[in-house]
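**Student:** Contents are compact mmCIF, C-alpha atoms; file name input_12.txt:
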# COMPACT_ATOMS: atom_id res chain seq x y z
CA MET A 19 -5.55 25.26 -20.95
CA SER A 20 -9.19 25.95 -21.66
CA GLU A 21 -8.68 26.83 -25.35
CA GLU A 22 -8.43 23.15 -26.15
CA VAL A 23 -12.10 22.33 -25.66
CA ILE A 24 -13.65 19.45 -27.58
CA LYS A 25 -16.30 20.54 -30.06
CA LEU A 26 -16.31 18.41 -33.18
CA PRO A 27 -18.57 15.34 -33.10
CA GLU A 28 -16.07 13.27 -35.10
CA GLU A 29 -13.48 14.01 -32.45
CA LYS A 30 -15.83 12.73 -29.76
CA ILE A 31 -15.84 9.38 -31.48
CA ARG A 32 -12.05 9.43 -31.39
CA TYR A 33 -12.10 9.95 -27.66
CA ARG A 34 -14.39 7.00 -27.18
CA ASP A 35 -12.04 4.97 -29.36
CA LEU A 36 -9.12 6.06 -27.20
CA ILE A 37 -10.83 4.67 -24.14
CA ILE A 38 -11.75 1.39 -25.85
CA ASN A 39 -8.23 1.17 -27.23
CA GLY A 40 -6.85 1.26 -23.69
CA ILE A 41 -9.15 -1.49 -22.52
CA VAL A 42 -8.95 -3.85 -25.51
CA ALA A 43 -6.36 -3.32 -28.24
CA GLU A 44 -3.62 -1.90 -26.04
CA ASN A 45 -4.55 -3.38 -22.70
CA THR A 46 -1.56 -2.76 -20.44
CA ILE A 47 -1.42 -6.27 -19.03
CA PHE A 48 -2.90 -8.56 -21.65
CA LYS A 49 -1.64 -6.86 -24.79
CA LEU A 50 1.32 -4.61 -24.03
CA ALA A 51 2.49 -6.92 -21.24
CA ILE A 52 3.98 -4.10 -19.17
CA SER A 53 3.52 -3.45 -15.44
CA LEU A 54 3.24 -7.18 -14.93
CA CYS A 55 4.99 -6.83 -11.59
CA PRO A 56 2.03 -5.12 -9.86
CA ALA A 57 -0.33 -7.32 -11.85
CA ILE A 58 1.19 -10.26 -10.01
CA ALA A 59 2.06 -8.63 -6.69
CA VAL A 60 -1.28 -7.13 -5.69
CA THR A 61 -3.84 -9.34 -7.39
CA ASN A 62 -4.16 -12.01 -4.74
CA SER A 63 -7.47 -10.61 -3.58
CA LEU A 64 -10.26 -8.91 -5.47
CA ARG A 65 -10.27 -5.93 -3.13
CA ASN A 66 -6.55 -5.35 -3.59
CA GLY A 67 -6.78 -5.62 -7.36
CA PHE A 68 -9.70 -3.23 -7.52
CA LEU A 69 -8.18 -0.60 -5.22
CA MET A 70 -4.88 -0.73 -7.06
CA GLY A 71 -6.72 -0.34 -10.37
CA ILE A 72 -8.56 2.73 -9.10
CA ALA A 73 -5.33 4.28 -7.81
CA VAL A 74 -3.61 3.70 -11.16
CA LEU A 75 -6.60 5.05 -13.09
CA PHE A 76 -6.37 8.31 -11.14
CA VAL A 77 -2.60 8.74 -11.31
CA GLN A 78 -2.39 7.72 -14.97
CA THR A 79 -5.01 10.29 -15.95
CA MET A 80 -3.45 13.10 -13.92
CA VAL A 81 0.06 12.33 -15.19
CA ASN A 82 -1.12 12.24 -18.80
CA ILE A 83 -2.87 15.60 -18.40
CA THR A 84 0.18 17.17 -16.75
CA VAL A 85 2.64 15.84 -19.31
CA ALA A 86 0.44 17.00 -22.20
CA ALA A 87 -0.02 20.42 -20.63
CA PHE A 88 3.70 21.01 -20.16
CA ARG A 89 5.01 19.10 -23.17
CA ARG A 90 6.23 22.27 -24.88
CA PHE A 91 8.39 23.22 -21.87
CA ILE A 92 10.09 19.86 -21.64
CA HIS A 93 13.30 19.50 -23.60
CA PRO A 94 13.22 16.12 -25.38
CA ARG A 95 16.65 15.13 -24.07
CA ILE A 96 15.58 15.34 -20.44
CA ARG A 97 11.99 14.22 -20.80
CA LEU A 98 12.39 11.01 -18.78
CA PRO A 99 13.60 12.58 -15.51
CA ILE A 100 10.84 15.14 -15.87
CA PHE A 101 8.18 12.51 -16.46
CA MET A 102 9.46 10.75 -13.35
CA LEU A 103 9.16 14.00 -11.40
CA ILE A 104 5.58 14.43 -12.58
CA ILE A 105 4.68 10.85 -11.69
CA SER A 106 6.31 10.88 -8.27
CA GLY A 107 4.89 14.35 -7.66
CA TRP A 108 1.34 13.19 -8.29
CA VAL A 109 1.87 10.07 -6.22
CA SER A 110 3.26 12.07 -3.28
CA VAL A 111 0.56 14.71 -3.48
CA THR A 112 -2.17 12.06 -3.61
CA ASP A 113 -0.55 10.13 -0.79
CA MET A 114 -0.19 13.11 1.55
CA THR A 115 -3.60 14.56 0.76
CA MET A 116 -5.33 11.27 1.40
CA ALA A 117 -3.34 10.67 4.58
CA ALA A 118 -4.50 14.03 5.90
CA PHE A 119 -8.06 14.34 4.67
CA ALA A 120 -9.33 10.89 3.72
CA ARG A 121 -8.13 8.68 6.55
CA ASP A 122 -10.46 5.77 6.00
CA ALA A 123 -9.80 5.56 2.29
CA TYR A 124 -6.09 6.00 2.99
CA LYS A 125 -6.01 3.04 5.33
CA GLN A 126 -7.32 0.90 2.52
CA MET A 127 -5.35 2.38 -0.37
CA GLY A 128 -2.25 3.99 1.12
CA LEU A 129 -0.21 0.88 0.50
CA TYR A 130 -0.98 0.88 -3.23
CA ILE A 131 -0.58 4.54 -3.98
CA GLN A 132 3.09 4.59 -2.97
CA LEU A 133 3.80 1.61 -5.21
CA ILE A 134 2.61 3.42 -8.33
CA VAL A 135 5.81 5.47 -8.62
CA ALA A 136 7.58 2.49 -10.13
CA PHE A 137 4.93 1.48 -12.67
CA ALA A 138 6.24 1.16 -16.20
CA SER A 139 2.77 1.60 -17.68
CA ILE A 140 2.45 5.16 -16.41
CA LEU A 141 5.82 6.24 -17.75
CA ALA A 142 5.14 4.40 -21.01
CA ARG A 143 1.91 6.31 -21.63
CA ALA A 144 3.51 9.63 -20.77
CA GLU A 145 6.26 8.89 -23.27
CA MET A 146 4.23 7.24 -26.03
CA PHE A 147 1.09 9.33 -25.97
CA ALA A 148 0.83 12.31 -23.66
CA SER A 149 4.13 13.89 -24.72
CA LYS A 150 2.93 14.02 -28.33
CA ASN A 151 -0.74 14.90 -27.95
CA ARG A 152 -3.00 17.66 -26.71
CA ILE A 153 -4.53 17.66 -23.25
CA ALA A 154 -7.99 16.29 -24.06
CA PRO A 155 -6.88 13.21 -26.01
CA SER A 156 -4.17 12.58 -23.43
CA MET A 157 -6.76 12.65 -20.69
CA PHE A 158 -8.95 10.14 -22.50
CA ASP A 159 -5.94 7.97 -23.24
CA GLY A 160 -5.13 8.02 -19.53
CA ILE A 161 -8.68 7.07 -18.62
CA GLY A 162 -8.68 4.30 -21.21
CA MET A 163 -5.36 2.86 -20.12
CA GLY A 164 -6.38 3.16 -16.48
CA LEU A 165 -9.67 1.39 -17.09
CA GLY A 166 -7.88 -1.32 -19.05
CA PHE A 167 -5.47 -1.84 -16.17
CA LEU A 168 -8.34 -1.87 -13.69
CA PHE A 169 -10.21 -4.42 -15.81
CA ALA A 170 -7.14 -6.68 -16.07
CA LEU A 171 -6.44 -6.52 -12.34
CA VAL A 172 -10.04 -7.23 -11.42
CA VAL A 173 -10.21 -10.27 -13.72
CA ILE A 174 -6.87 -11.65 -12.49
CA SER A 175 -7.61 -11.08 -8.83
CA PHE A 176 -11.13 -12.51 -9.17
CA PHE A 177 -9.76 -15.89 -10.20
CA ARG A 178 -6.79 -15.81 -7.84
CA GLU A 179 -8.80 -15.02 -4.76
CA LEU A 180 -11.57 -17.45 -5.66
CA LEU A 181 -9.17 -20.32 -6.34
CA GLY A 182 -6.50 -19.47 -3.81
CA ARG A 183 -8.63 -18.60 -0.81
CA GLY A 184 -12.13 -19.68 -1.70
CA SER A 185 -13.35 -16.17 -1.06
CA LEU A 186 -14.30 -13.03 -2.95
CA TRP A 187 -13.77 -9.52 -1.56
CA ASP A 188 -12.81 -11.16 1.78
CA LEU A 189 -16.16 -12.96 1.83
CA GLN A 190 -15.68 -16.68 2.31
CA ILE A 191 -17.48 -18.63 -0.42
CA VAL A 192 -16.09 -22.12 0.12
CA PRO A 193 -14.66 -23.00 3.54
CA THR A 194 -11.28 -24.24 2.23
CA LYS A 195 -8.42 -22.84 0.24
CA PRO A 196 -8.82 -24.90 -2.96
CA LEU A 197 -5.52 -23.94 -4.62
CA LEU A 198 -3.30 -22.06 -2.21
CA ILE A 199 -0.64 -21.57 -4.87
CA MET A 200 -2.91 -19.11 -6.66
CA ILE A 201 -2.47 -16.41 -4.02
CA LEU A 202 1.28 -16.97 -3.87
CA PRO A 203 3.57 -15.27 -6.41
CA ALA A 204 3.82 -18.40 -8.55
CA GLY A 205 0.05 -18.42 -8.92
CA GLY A 206 0.25 -14.85 -10.15
CA PHE A 207 2.38 -15.93 -13.09
CA LEU A 208 0.01 -18.77 -13.85
CA ALA A 209 -3.07 -16.56 -13.70
CA VAL A 210 -1.58 -13.79 -15.82
CA GLY A 211 -0.27 -16.28 -18.39
CA ILE A 212 -3.49 -18.22 -18.73
CA LEU A 213 -5.67 -15.12 -18.89
CA MET A 214 -3.35 -13.46 -21.38
CA ALA A 215 -3.58 -16.53 -23.59
CA PHE A 216 -7.36 -16.57 -23.19
CA PHE A 217 -7.81 -12.94 -24.19
CA ASN A 218 -5.46 -13.30 -27.12
CA TRP A 219 -7.39 -16.34 -28.24
CA ILE A 220 -10.65 -14.39 -28.13
CA ASP A 221 -8.94 -11.59 -29.97
CA ALA A 222 -7.59 -13.85 -32.69
CA ARG A 223 -10.84 -15.68 -33.11
CA TYR A 224 -13.58 -13.07 -32.84
CA LEU A 225 -12.14 -9.59 -32.88
CA LYS A 226 -9.61 -9.84 -35.68
CA LYS A 227 -11.43 -7.35 -37.92
CA THR A 228 -11.79 -4.62 -35.32
CA LYS A 229 -8.25 -4.88 -34.08
CA SER A 230 -6.41 -1.62 -34.63
CA HIS A 231 -2.82 -1.33 -35.73
CA HIS A 232 -0.27 -0.12 -33.30
CA MET B 76 25.65 19.27 -28.39
CA THR B 77 27.00 22.75 -28.03
CA PRO B 78 27.79 24.13 -24.58
CA LYS B 79 24.93 26.56 -25.05
CA GLU B 80 22.51 23.69 -25.55
CA ILE B 81 23.79 21.89 -22.49
CA ILE B 82 23.25 24.96 -20.36
CA LYS B 83 19.77 25.39 -21.80
CA ILE B 84 18.88 21.81 -20.95
CA ALA B 85 20.36 22.10 -17.47
CA ILE B 86 18.36 25.24 -16.77
CA ASN B 87 15.23 23.58 -18.10
CA LEU B 88 15.71 20.62 -15.78
CA VAL B 89 16.58 22.72 -12.74
CA VAL B 90 13.64 25.07 -13.18
CA ILE B 91 11.14 22.26 -13.55
CA TYR B 92 12.54 20.38 -10.54
CA ILE B 93 12.44 23.52 -8.42
CA ILE B 94 8.80 24.05 -9.37
CA GLY B 95 8.05 20.42 -8.55
CA GLY B 96 9.90 20.68 -5.27
CA LEU B 97 8.03 23.83 -4.30
CA ILE B 98 4.67 22.23 -5.03
CA LEU B 99 5.58 19.19 -2.93
CA ALA B 100 6.89 21.39 -0.11
CA GLY B 101 3.64 23.35 -0.16
CA VAL B 102 1.49 20.24 0.00
CA TYR B 103 3.70 18.79 2.73
CA ALA B 104 3.48 21.96 4.80
CA LYS B 105 -0.30 21.94 4.52
CA THR B 106 -0.84 18.24 5.18
CA SER B 107 1.85 17.15 7.64
CA PRO B 108 0.41 18.90 10.75
CA VAL B 109 -2.99 17.38 9.95
CA ILE B 110 -1.44 13.94 9.46
CA TYR B 111 0.51 14.24 12.72
CA GLN B 112 -2.55 15.34 14.65
CA LYS B 113 -4.71 12.54 13.25
CA ASN B 114 -2.00 9.97 13.95
CA GLU B 115 -1.82 11.13 17.58
CA GLN B 116 -5.58 11.05 17.88
CA GLU B 117 -5.72 7.54 16.46
CA LYS B 118 -2.96 6.46 18.85
CA GLN B 119 -4.97 7.67 21.83
CA GLU B 120 -8.04 5.87 20.54
CA ALA B 121 -6.01 2.72 19.96
CA LEU B 122 -4.68 2.88 23.54
CA LYS B 123 -8.21 3.29 24.89
CA LYS B 124 -9.29 0.27 22.91
CA MET B 125 -6.41 -1.79 24.25
CA ALA B 126 -7.54 -1.23 27.84
CA PRO B 127 -11.20 -0.25 27.82
CA GLU B 128 -11.52 -0.66 31.60
CA ALA B 129 -8.63 1.65 32.38
CA GLU B 130 -9.13 4.85 34.26
CA ALA B 131 -5.70 6.16 33.41
CA ILE B 132 -3.03 5.18 30.91
CA ASP B 133 0.26 6.83 31.85
CA LYS B 134 3.36 6.80 29.76
CA LEU B 135 6.27 5.10 31.49
CA GLY B 136 8.94 5.77 28.90
CA ASP B 137 10.43 5.03 25.49
CA TRP B 138 12.33 2.07 24.17
CA PHE B 139 13.90 1.45 20.80
CA PRO B 140 13.19 -1.84 19.03
CA HIS B 141 15.03 -1.77 15.67
CA GLU B 142 16.20 1.76 16.48
CA LYS B 143 12.63 2.98 16.25
CA GLN B 144 11.04 5.02 18.97
CA ALA B 145 8.28 3.13 20.75
CA GLU B 146 6.42 3.87 23.96
CA TYR B 147 5.20 1.88 26.92
CA TYR B 148 2.46 2.68 29.37
CA VAL B 149 1.07 1.57 32.68
CA VAL B 150 -2.65 0.96 32.95
CA LYS B 151 -4.27 2.03 36.21
CA LYS B 152 -7.66 1.59 37.76
CA GLY B 153 -8.59 2.96 41.14
CA GLY B 154 -4.96 3.82 41.86
CA ASP B 155 -3.78 0.23 41.31
CA THR B 156 -1.71 -1.00 38.41
CA THR B 157 -3.85 -3.39 36.41
CA GLY B 158 -1.63 -3.88 33.39
CA TYR B 159 0.74 -2.51 30.80
CA ILE B 160 0.60 -1.47 27.18
CA ILE B 161 3.74 -1.54 25.08
CA GLN B 162 4.33 -0.53 21.51
CA THR B 163 6.79 -2.61 19.51
CA PHE B 164 8.16 -3.19 16.02
CA GLY B 165 8.74 -6.53 14.32
CA LYS B 166 10.88 -6.80 11.21
CA GLY B 167 8.62 -8.40 8.63
CA TYR B 168 8.98 -9.37 5.00
CA SER B 169 8.93 -5.88 3.55
CA SER B 170 8.38 -3.53 6.47
CA TYR B 171 8.54 -2.97 10.19
CA ILE B 172 5.25 -4.06 11.68
CA ASN B 173 4.03 -1.62 14.31
CA ILE B 174 2.27 -3.49 17.12
CA LEU B 175 0.55 -2.62 20.39
CA VAL B 176 0.53 -5.24 23.15
CA ALA B 177 -1.71 -4.99 26.21
CA THR B 178 -0.92 -7.18 29.22
CA ASP B 179 -2.28 -7.68 32.70
CA LYS B 180 -0.08 -6.86 35.67
CA ASP B 181 1.64 -10.27 35.49
CA LEU B 182 2.58 -9.64 31.85
CA LYS B 183 0.06 -12.10 30.52
CA ILE B 184 -1.21 -10.79 27.19
CA GLU B 185 -4.70 -9.34 27.08
CA LYS B 186 -4.67 -8.52 23.39
CA ILE B 187 -2.49 -7.28 20.57
CA GLU B 188 -3.25 -4.85 17.80
CA ILE B 189 -1.43 -4.26 14.50
CA LEU B 190 -1.16 -0.49 14.10
CA SER B 191 0.55 -0.30 10.73
CA HIS B 192 2.73 -2.24 8.34
CA ALA B 193 3.60 -2.47 4.65
CA GLU B 194 3.62 -6.22 4.20
CA THR B 195 2.55 -7.86 0.94
CA PRO B 196 -1.09 -6.91 0.32
CA GLY B 197 -3.31 -9.96 0.37
CA LEU B 198 -0.71 -12.18 2.02
CA GLY B 199 1.32 -10.52 4.76
CA ASP B 200 -1.64 -8.42 5.77
CA GLU B 201 -3.40 -11.52 7.06
CA ILE B 202 -1.63 -10.78 10.35
CA GLU B 203 -4.42 -8.25 10.86
CA ARG B 204 -7.03 -10.99 10.91
CA PRO B 205 -8.67 -11.64 14.27
CA GLU B 206 -8.04 -15.39 13.98
CA PHE B 207 -4.33 -14.67 14.21
CA LYS B 208 -4.37 -11.83 16.74
CA ASP B 209 -6.79 -13.54 19.11
CA GLN B 210 -4.32 -16.38 19.64
CA PHE B 211 -2.23 -14.06 21.80
CA LYS B 212 -4.85 -13.66 24.50
CA GLY B 213 -3.77 -15.27 27.78
CA LYS B 214 -0.26 -16.14 26.57
CA ASP B 215 2.77 -15.28 28.68
CA LEU B 216 6.39 -14.89 27.65
CA GLU B 217 7.06 -18.65 27.57
CA HIS B 218 4.15 -19.32 25.25
CA VAL B 219 4.66 -16.54 22.73
CA ARG B 220 6.41 -18.84 20.32
CA LEU B 221 5.59 -19.45 16.67
CA VAL B 222 4.91 -22.97 15.46
CA LYS B 223 3.77 -24.13 12.05
CA THR B 224 1.54 -26.92 13.28
CA GLU B 225 -1.91 -26.69 14.81
CA THR B 226 -1.65 -25.46 18.38
CA THR B 227 -3.50 -23.71 21.13
CA GLU B 228 -0.56 -23.63 23.50
CA TYR B 229 1.66 -21.50 21.29
CA ILE B 230 1.04 -19.18 18.34
CA GLN B 231 0.19 -20.84 15.07
CA ALA B 232 1.71 -19.30 11.94
CA ILE B 233 -0.59 -18.31 9.09
CA THR B 234 -0.13 -20.63 6.12
CA GLY B 235 2.19 -19.02 3.58
CA VAL B 236 2.76 -16.00 5.81
CA THR B 237 5.47 -17.40 8.06
CA ILE B 238 7.81 -14.43 7.88
CA SER B 239 5.19 -11.86 8.84
CA SER B 240 3.76 -14.18 11.51
CA ARG B 241 7.21 -14.64 13.01
CA ALA B 242 7.90 -10.92 12.89
CA VAL B 243 4.78 -10.22 14.93
CA THR B 244 5.19 -13.10 17.37
CA GLU B 245 8.88 -13.35 18.13
CA ASP B 246 10.54 -10.20 16.87
CA GLY B 247 7.68 -7.97 17.97
CA VAL B 248 5.60 -9.25 20.85
CA ARG B 249 8.11 -11.51 22.55
CA ARG B 250 10.86 -8.93 22.56
CA ALA B 251 8.42 -6.40 23.98
CA LEU B 252 7.51 -8.76 26.81
CA GLU B 253 11.17 -9.50 27.49
CA PHE B 254 11.92 -5.82 27.62
CA LEU B 255 8.99 -5.08 29.88
CA LYS B 256 9.90 -7.93 32.20
CA GLY B 257 13.48 -6.76 32.51
CA LYS B 258 12.41 -3.20 33.04
CA LEU B 259 9.87 -4.04 35.73
CA GLN B 260 12.24 -6.30 37.62
CA GLY B 261 14.86 -3.58 37.49
CA ASN B 262 12.33 -1.10 38.81
CA ASN B 263 11.20 -3.29 41.68
CA ALA B 264 14.77 -3.84 42.78
CA SER B 265 15.45 -0.12 42.92
CA HIS B 266 12.07 0.70 44.50
CA GLU B 267 10.07 2.84 42.13
CA GLY B 268 13.11 4.17 40.35
CA GLY B 269 11.17 3.88 37.06
CA SER B 270 9.84 6.29 34.48
CA HIS B 271 13.00 8.30 34.14
CA GLU B 272 13.05 8.68 30.35
Turn the structure described in the file into structure tokens.

**Tutor:**
Amino acid sequence: MSEEVIKLPEEKIRYRDLIINGIVAENTIFKLAISLCPAIAVTNSLRNGFLMGIAVLFVQTMVNITVAAFRRFIHPRIRLPIFMLIISGWVSVTDMTMAAFARDAYKQMGLYIQLIVAFASILARAEMFASKNRIAPSMFDGIGMGLGFLFALVVISFFRELLGRGSLWDLQIVPTKPLLIMILPAGGFLAVGILMAFFNWIDARYLKKTKSHH
Amino acid sequence: MTPKEIIKIAINLVVIYIIGGLILAGVYAKTSPVIYQKNEQEKQEALKKMAPEAEAIDKLGDWFPHEKQAEYYVVKKGGDTTGYIIQTFGKGYSSYINILVATDKDLKIEKIEILSHAETPGLGDEIERPEFKDQFKGKDLEHVRLVKTETTEYIQAITGVTISSRAVTEDGVRRALEFLKGKLQGNNASHEGGSHE
């Protein structure tokens, strides 16, 4: 679909806004509060959070591009099963390709890639944005949402690993486990809740004027 | 909805799913031989690592923990049996944990290795840590038992990871040792009857 190339400078600004929108105003975890399940399940170490974020960033972008590219061939009444096909297709293709040709990376990330099939955030973006927009904006929306998710997971897992295990990226910083509960599921709820409150407080206090309507 | 519309939608869905299925089949056909070959290669390397001194590692047969196919081997050096390697599966929290156990010829454990699993990232995957795996060295069947308190005699569970620890220790390694013991005794009684599978 090469006819849809970006040329106008004012549109470039829009694309940058799309990315910022995904990270701040419509952050998947802290603002939209969807896909909280993975946000709790895999954020008990910084490495896990980061790798999951990268995997989601990739799949989200590819799914958004695919949905936008084929949106005219998808009958609105059956869009959801088709979005699911596109998502699971990308997940399977990524999974198999990495298993065959990127063994080392696969050993680290294989676990996370298969989980992505069930992420609400990916389906939500396909439905809310990519099915109504052209390829380029959909791609930037995917990148923005993916980066926002990555950011949220990194922040959550940073605190959980540091408090729960006393380490960062498997590197022991303090010799004890200060608050073991933080790497258990209950700690995930606590971390997500507290950080969500914190970011909303910042938002309410300092960013009120720049907040976009959605 | 008119019948015409329904047919249109059905065709739309079927066509797109067929295209999706074909793409997946194509990728699978291209990648699966490579994946199989690399898995085999990694298995051989893993076996080598389990018994670095070995001159030959010969397959004795298959067994089926949790209805999964697993293999066991005899380790030889200079024509003598120096030990055994057995693959086993332990039912963990969210997956079957695939384990390799190397023993000496008296079935005392030399080392264990976790080949693959899908336990909770960041929690269940602590079974891969050397602090946990190294506990198995020198243990025999009687001492492969999981306890939650500090111990050097038995296997100490990882804090907060009891289910995965138990899966490795009791469901995986201990059952493998029991199987191997039974098999070897049976073989001795019938004088080298072994390796029929």

**Student:** Hey, which bits of chain B sit within 12 Å of chain A, and for each residue what's the closest pair of atoms and how far apart in Å (one decimal), counting only C-alpha atoms, rows by chain and increasing number, as CSV?

**Tutor:**
residue,atom,partner,partner_atom,distance
B:Met76,CA,A:Arg95,CA,10.8
B:Glu80,CA,A:His93,CA,10.3
B:Ile81,CA,A:Arg95,CA,10.0
B:Ile82,CA,A:His93,CA,11.8
B:Lys83,CA,A:His93,CA,8.9
B:Ile84,CA,A:His93,CA,6.6
B:Ala85,CA,A:Ile96,CA,8.8
B:Ile86,CA,A:His93,CA,10.3
B:Asn87,CA,A:His93,CA,7.1
B:Leu88,CA,A:Ile96,CA,7.0
B:Val89,CA,A:Ile100,CA,10.0
B:Val90,CA,A:Phe91,CA,10.3
B:Ile91,CA,A:Ile100,CA,7.5
B:Tyr92,CA,A:Leu103,CA,7.3
B:Ile93,CA,A:Leu103,CA,10.5
B:Ile94,CA,A:Leu103,CA,10.3
B:Gly95,CA,A:Gly107,CA,6.9
B:Gly96,CA,A:Gly107,CA,8.4
B:Leu97,CA,A:Gly107,CA,10.5
B:Ile98,CA,A:Gly107,CA,8.3
B:Leu99,CA,A:Val111,CA,6.8
B:Ala100,CA,A:Val111,CA,9.8
B:Gly101,CA,A:Val111,CA,9.8
B:Val102,CA,A:Val111,CA,6.6
B:Tyr103,CA,A:Met114,CA,7.0
B:Ala104,CA,A:Met114,CA,10.1
B:Lys105,CA,A:Thr115,CA,8.9
B:Thr106,CA,A:Ala118,CA,5.6
B:Ser107,CA,A:Ala118,CA,7.3
B:Pro108,CA,A:Ala118,CA,8.4
B:Val109,CA,A:Ala118,CA,5.5
B:Ile110,CA,A:Ala118,CA,4.7
B:Tyr111,CA,A:Ala118,CA,8.5
B:Gln112,CA,A:Ala118,CA,9.1
B:Lys113,CA,A:Ala118,CA,7.5
B:Asn114,CA,A:Ala118,CA,9.4
B:Gln116,CA,A:Arg121,CA,11.9
B:Glu117,CA,A:Arg121,CA,10.3
B:Ser169,CA,A:Leu129,CA,11.8
B:Ser170,CA,A:Leu129,CA,11.4
B:Leu190,CA,A:Lys125,CA,10.6
B:Ser191,CA,A:Lys125,CA,9.1
B:His192,CA,A:Leu129,CA,8.9
B:Ala193,CA,A:Leu129,CA,6.6
B:Glu194,CA,A:Leu129,CA,8.9
B:Thr195,CA,A:Ala59,CA,7.7
B:Pro196,CA,A:Val60,CA,6.0
B:Gly197,CA,A:Asn62,CA,5.6
B:Leu198,CA,A:Ile201,CA,7.6
B:Gly199,CA,A:Leu202,CA,10.8
B:Asp200,CA,A:Leu129,CA,10.8
B:Glu201,CA,A:Asp188,CA,10.8
B:Arg204,CA,A:Asp188,CA,10.8
B:Thr234,CA,A:Leu198,CA,9.0
B:Gly235,CA,A:Leu202,CA,7.8
B:Val236,CA,A:Leu202,CA,9.8

**Student:** Let me see the file: selected residues, C-alpha atoms, as a compact mmCIF listing (two decimals), keeping the file's coordinate frame.

**Tutor:**
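Dumped to result_20.txt:
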# COMPACT_ATOMS: atom_id res chain seq x y z
CA MET B 76 25.65 19.27 -28.39
CA GLU B 80 22.51 23.69 -25.55
CA ILE B 81 23.79 21.89 -22.49
CA ILE B 82 23.25 24.96 -20.36
CA LYS B 83 19.77 25.39 -21.80
CA ILE B 84 18.88 21.81 -20.95
CA ALA B 85 20.36 22.10 -17.47
CA ILE B 86 18.36 25.24 -16.77
CA ASN B 87 15.23 23.58 -18.10
CA LEU B 88 15.71 20.62 -15.78
CA VAL B 89 16.58 22.72 -12.74
CA VAL B 90 13.64 25.07 -13.18
CA ILE B 91 11.14 22.26 -13.55
CA TYR B 92 12.54 20.38 -10.54
CA ILE B 93 12.44 23.52 -8.42
CA ILE B 94 8.80 24.05 -9.37
CA GLY B 95 8.05 20.42 -8.55
CA GLY B 96 9.90 20.68 -5.27
CA LEU B 97 8.03 23.83 -4.30
CA ILE B 98 4.67 22.23 -5.03
CA LEU B 99 5.58 19.19 -2.93
CA ALA B 100 6.89 21.39 -0.11
CA GLY B 101 3.64 23.35 -0.16
CA VAL B 102 1.49 20.24 0.00
CA TYR B 103 3.70 18.79 2.73
CA ALA B 104 3.48 21.96 4.80
CA LYS B 105 -0.30 21.94 4.52
CA THR B 106 -0.84 18.24 5.18
CA SER B 107 1.85 17.15 7.64
CA PRO B 108 0.41 18.90 10.75
CA VAL B 109 -2.99 17.38 9.95
CA ILE B 110 -1.44 13.94 9.46
CA TYR B 111 0.51 14.24 12.72
CA GLN B 112 -2.55 15.34 14.65
CA LYS B 113 -4.71 12.54 13.25
CA ASN B 114 -2.00 9.97 13.95
CA GLN B 116 -5.58 11.05 17.88
CA GLU B 117 -5.72 7.54 16.46
CA SER B 169 8.93 -5.88 3.55
CA SER B 170 8.38 -3.53 6.47
CA LEU B 190 -1.16 -0.49 14.10
CA SER B 191 0.55 -0.30 10.73
CA HIS B 192 2.73 -2.24 8.34
CA ALA B 193 3.60 -2.47 4.65
CA GLU B 194 3.62 -6.22 4.20
CA THR B 195 2.55 -7.86 0.94
CA PRO B 196 -1.09 -6.91 0.32
CA GLY B 197 -3.31 -9.96 0.37
CA LEU B 198 -0.71 -12.18 2.02
CA GLY B 199 1.32 -10.52 4.76
CA ASP B 200 -1.64 -8.42 5.77
CA GLU B 201 -3.40 -11.52 7.06
CA ARG B 204 -7.03 -10.99 10.91
CA THR B 234 -0.13 -20.63 6.12
CA GLY B 235 2.19 -19.02 3.58
CA VAL B 236 2.76 -16.00 5.81

**Student:** Write out as an NGL selection string the residues lying within 12 Å of A:Ala87, counting all atoms listed in the file and excluding same-chain residues fewer than 4 positions away.

**Tutor:** :A and (19-22 or 80-83 or 91-92 or 104 or 144 or 148-157)

**Student:** Take atom CA of A:Val109 and atom CA of A:Met127 and report the distance between them in Å, one decimal.

**Tutor:**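 Between these atoms lies a distance of 12.1 Å.
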
**Student:** What's around A:Phe48 at 10 Å? Count all atoms listed in the file, leave out sequence neighbours fewer than 5 positions away in its own chain, and write the answer as a ChimeraX atom specification.

**Tutor:** /A:41-43,54,166-167,170,210-211,213-218

**Student:** Counting only C-alpha atoms, which residues come within 10 Å of (9.1, -8.2, 12.0), with the point read in the file's coordinates, and could you list them as a ChimeraX atom specification?

**Tutor:** /B:141,163-174,192,194,238-248

**Student:** Given the selection you just returned, output its residues as a file containing C-alpha atoms, formatted as a CSV table (one decimal), in the coordinates of the input.

**Tutor:**
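That gives us selection.csv:
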chain,number,residue,atom,x,y,z
B,141,HIS,CA,15.0,-1.8,15.7
B,163,THR,CA,6.8,-2.6,19.5
B,164,PHE,CA,8.2,-3.2,16.0
B,165,GLY,CA,8.7,-6.5,14.3
B,166,LYS,CA,10.9,-6.8,11.2
B,167,GLY,CA,8.6,-8.4,8.6
B,168,TYR,CA,9.0,-9.4,5.0
B,169,SER,CA,8.9,-5.9,3.6
B,170,SER,CA,8.4,-3.5,6.5
B,171,TYR,CA,8.5,-3.0,10.2
B,172,ILE,CA,5.2,-4.1,11.7
B,173,ASN,CA,4.0,-1.6,14.3
B,174,ILE,CA,2.3,-3.5,17.1
B,192,HIS,CA,2.7,-2.2,8.3
B,194,GLU,CA,3.6,-6.2,4.2
B,238,ILE,CA,7.8,-14.4,7.9
B,239,SER,CA,5.2,-11.9,8.8
B,240,SER,CA,3.8,-14.2,11.5
B,241,ARG,CA,7.2,-14.6,13.0
B,242,ALA,CA,7.9,-10.9,12.9
B,243,VAL,CA,4.8,-10.2,14.9
B,244,THR,CA,5.2,-13.1,17.4
B,245,GLU,CA,8.9,-13.4,18.1
B,246,ASP,CA,10.5,-10.2,16.9
B,247,GLY,CA,7.7,-8.0,18.0
B,248,VAL,CA,5.6,-9.2,20.8
